[in-house]
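Peer 1: Here you go, one structure.
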Amino acid sequence: MAGGATPPPPPGGAPPRAPPPRHARPRGPQDKGANRAAGLPEPCSPGSESLAEVLDRLLAEGVAGRRIALQLHGEPLPGFVESLTAAGADVVVVPVYRWMPPQDIAPLDRMLDVTAARGLDAITFTSAPAAASFLGRAETRGLLPEILGALRDDVLVVCVGPVTALPLQARGIDTLQPERFRLGPLVQLLCARLPLTARVLPVAGHRVEIRGHAVLVDDELRTVPPAGMALLHALARRPGWVVARADLLRVLPGSGTDEHAVETAMARLRSALGVPRLIQTVVKRGYRLALDPSADTKYDR
C-alpha cells in the first residue's frame, strides 16, 4: 500500500501541494479482495502475483518522498525494502504475525527422521519460515548432512512459490514450483510429477518399484521398516553394483559404528520384501540388488 505524507506548511509560506492519492497495490486475489472491501482503489495488481513485479512498478512510477507500507507475512523479498529506501521512499514495515518454534517439537523431529532415512517420496513447503525452520532444526540435531542428501537425491521437494524456496535453494536444493503460487496448483503439480519419480527395476525376475515407505514387488505392496528403506534406497542408487557394509552403515538412522546393525536391518528388509533373493550378499564386500542381466545398466549414479 502506498500513500503520501503531508508536511506542515513553512511559516508564512504557501500551503503544500495536495498529497498524492492513497491507494493499494495488492499482490494477489486475496489482497485485492481485502482492499476492495476496504474501499481502496487499485491502480495495478501484478499478473504474476509476485512482489518483484510490484517493486518494478513502484520504482518505475517513482517513490521519492512517499511513504510506503509493506505488510509482511514472513520474510520480505530480498532487496525489496532496500531498493525502495535507496529510491527515496519512507518504508513502514508491518509484520502481521511472527513465526515461533512449535510447543511440541516431536512431529517435526519425526519428519526429520523419516526424511533422513529417505522414507519420503516428497515434501512440500508453503512458506519460507517453515522451510528455514525445518533446516534449522535438522542442523540443531546434527542431521543436516543427511537431510540435504535426501532432499537432493531421493525426496521430491515442492514449494508453493519462489520466496518459499529461497532457504532451500540457498542450500543447493532444487525445488519444483507451480506456475500459480497457490495450494491447488501445488497439489496438481505434485500429483503430476510424483509418479514419474518412482524407481522401477527388474530384479531377480521380478518387477520392483521403490516408493518412500513401501515397495511394490510384482504389484504387491510390501511395507518396509525405515531402516530397511534406507538400505534399499542406497542399493537402488547403484543397482547391480556392490555396496560396502560401511557405506550402508552410514545411511542407517542411529546405527552407530557396529556393522552388525547392517546385517540385522538387511535380514528384516529381505523378510519384508518377501523375496530374499532380490538382494545378494557378496562375501567380505557387501550387498547388491540382483539386477537382471538384460536390464539397462544406466542406473549407475
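Labeling convention for the C-alpha cells: chains A, B, ... as they appear, residues from 1 per chain, ligands from 1 in order of appearance.
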Could you write out, as a PyMOL selection string, all the residues of stretch 53-152 of chain A that DSSP marks as alpha helix (DSSP H)?

Peer 2: chain A and resi 53-61+80-86+106-116+128-140+144-152

Peer 1: Need the shell around A:Leu183: protein/DNA/RNA residues with any atom at most 9 Å away, counting only C-alpha atoms. Skip same-chain ones fewer than 5 positions apart. Format as a list in words?

Peer 2: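 Counting only the stated atoms, we get Thr126, Val160, Pro178 and Gln188 of chain A.
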
Peer 1: Using all heavy atoms, can you write the selected residues to a file as an mmCIF file, in the first residue's frame?

Peer 2:
data_model
loop_
_atom_site.group_PDB
_atom_site.id
_atom_site.type_symbol
_atom_site.label_atom_id
_atom_site.label_comp_id
_atom_site.auth_asym_id
_atom_site.auth_seq_id
_atom_site.Cartn_x
_atom_site.Cartn_y
_atom_site.Cartn_z
ATOM 1 N N THR A 126 5.061 -24.432 2.234
ATOM 2 C CA THR A 126 4.164 -23.352 1.822
ATOM 3 C C THR A 126 4.601 -21.999 2.356
ATOM 4 O O THR A 126 3.903 -21.007 2.160
ATOM 5 C CB THR A 126 2.725 -23.628 2.292
ATOM 6 O OG1 THR A 126 2.713 -23.788 3.723
ATOM 7 C CG2 THR A 126 2.193 -24.903 1.643
ATOM 8 N N VAL A 160 5.455 -23.729 -2.718
ATOM 9 C CA VAL A 160 4.308 -23.018 -3.264
ATOM 10 C C VAL A 160 4.726 -21.841 -4.137
ATOM 11 O O VAL A 160 3.935 -21.359 -4.960
ATOM 12 C CB VAL A 160 3.380 -22.551 -2.123
ATOM 13 C CG1 VAL A 160 3.955 -21.359 -1.398
ATOM 14 C CG2 VAL A 160 1.971 -22.260 -2.635
ATOM 15 N N PRO A 178 4.696 -24.429 -8.667
ATOM 16 C CA PRO A 178 3.617 -24.280 -9.642
ATOM 17 C C PRO A 178 3.670 -22.909 -10.304
ATOM 18 O O PRO A 178 4.285 -21.966 -9.782
ATOM 19 C CB PRO A 178 2.353 -24.432 -8.789
ATOM 20 C CG PRO A 178 2.768 -23.972 -7.426
ATOM 21 C CD PRO A 178 4.207 -24.390 -7.273
ATOM 22 N N GLN A 188 -1.719 -30.097 -7.663
ATOM 23 C CA GLN A 188 -1.784 -30.606 -9.038
ATOM 24 C C GLN A 188 -0.391 -30.932 -9.571
ATOM 25 O O GLN A 188 -0.179 -31.964 -10.221
ATOM 26 C CB GLN A 188 -2.472 -29.575 -9.932
ATOM 27 C CG GLN A 188 -3.951 -29.386 -9.621
ATOM 28 C CD GLN A 188 -4.571 -28.234 -10.387
ATOM 29 O OE1 GLN A 188 -3.881 -27.517 -11.109
ATOM 30 N NE2 GLN A 188 -5.869 -28.045 -10.233
#

Peer 1: Which one is closest to A:Ala150: A:Leu231, A:Ala116, A:Leu196, A:Ala267? Count only C-alpha atoms.

Peer 2: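 Closest candidate: A:Ala116.
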
Peer 1: Please return, as a VMD selection string, all residues of stretch 220-253 of chain A that DSSP assigns to strand (DSSP E) on the basis of the backbone.

Peer 2: chain A and resid 220 to 223 243 to 244

Peer 1: Within 12 Å of A:Leu143, counting only C-alpha atoms, which residues qualify if same-chain residues fewer than 3 places away don't, as a CSV table (one decimal) with C-alpha atoms, in the first residue's frame?

Peer 2:
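Contents of the output file part.csv:
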chain,number,residue,atom,x,y,z
A,109,ASP,CA,11.6,-34.4,14.7
A,111,MET,CA,9.5,-35.8,9.9
A,112,LEU,CA,13.2,-35.1,10.0
A,113,ASP,CA,13.9,-38.8,11.0
A,114,VAL,CA,11.9,-40.2,8.1
A,115,THR,CA,13.4,-37.7,5.7
A,116,ALA,CA,16.9,-38.6,6.8
A,117,ALA,CA,16.1,-42.3,6.3
A,134,PHE,CA,12.9,-27.4,9.0
A,135,LEU,CA,16.6,-27.0,8.0
A,136,GLY,CA,17.4,-25.2,11.3
A,137,ARG,CA,16.0,-28.0,13.4
A,138,ALA,CA,18.0,-30.5,11.3
A,139,GLU,CA,21.2,-28.6,12.0
A,140,THR,CA,20.4,-28.4,15.7
A,146,GLU,CA,21.6,-36.5,5.9
A,147,ILE,CA,18.6,-34.2,5.3
A,148,LEU,CA,20.4,-32.3,2.5
A,149,GLY,CA,21.5,-35.5,0.9
A,150,ALA,CA,18.0,-36.9,1.0
A,251,VAL,CA,22.7,-44.4,5.8
A,253,PRO,CA,19.4,-43.9,11.1
A,254,GLY,CA,21.0,-44.1,14.5

Peer 1: Give me, please, the distance in Å between atom CA of A:Gly286 and atom CA of A:Asp247, quoted to one decimal.

Peer 2: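 Separating atom CA of A:Gly286 from atom CA of A:Asp247 is a distance of 9.0 Å.
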
Peer 1: Identify, on the basis of only C-alpha atoms, every residue whose closest approach to A:Pro293 does not exceed 10 Å; exclude the query and any residue fewer than 4 positions from it along the same chain; express the result as a list of chain:residue names.

Peer 2: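 Here the qualifying residues turn out to be A:Pro202, A:Val203, A:Ala204, A:Gly205, A:Gly240, A:Thr297.
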
Peer 1: Restricting the calculation to only C-alpha atoms: of A:Ala122, A:Val81, A:Ile105, A:Leu166, which residue gets closest to A:Leu151?

Peer 2: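 Checking each candidate against A:Leu151, we get A:Ala122 as the closest.
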
Peer 1: Would you please work out which residue, of A:Leu269, A:Val157, A:Val54, A:Ala89, is nearest to A:Thr197 when using only C-alpha atoms?

Peer 2: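 So, comparing all the options, the nearest one is A:Val157.
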
Peer 1: Rounded to one decimal in Å, what is the spacing between atom CA of A:Ala38 and atom CA of A:Ser127?

Peer 2: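 Result for atom CA of A:Ala38 versus atom CA of A:Ser127: 26.4 Å, one decimal.
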
Peer 1: Which residue is closest to A:Leu194? Choose from A:Arg180, A:His206, A:Arg211, A:Arg110 and count only C-alpha atoms.

Peer 2: A:Arg211

Peer 1: Between atom CA of A:Asp104 and atom CA of A:Leu252, what is the distance in Å, rounded to a tenth?

Peer 2: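 Going from atom CA of A:Asp104 over to atom CA of A:Leu252, I get 25.7 Å.
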
Peer 1: Select, from A:Ala265, A:Asp56, A:Thr257, A:Arg98, the residue with the minimum atom-to-atom distance to A:Leu232, counting only C-alpha atoms.

Peer 2: A:Ala265

Peer 1: Using only C-alpha atoms, which of the listed residues (A:Leu235, A:Gln71, A:Gly79, A:Gly39) sits closest to A:Val96?

Peer 2: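 So, comparing all the options, the nearest one is A:Gln71.
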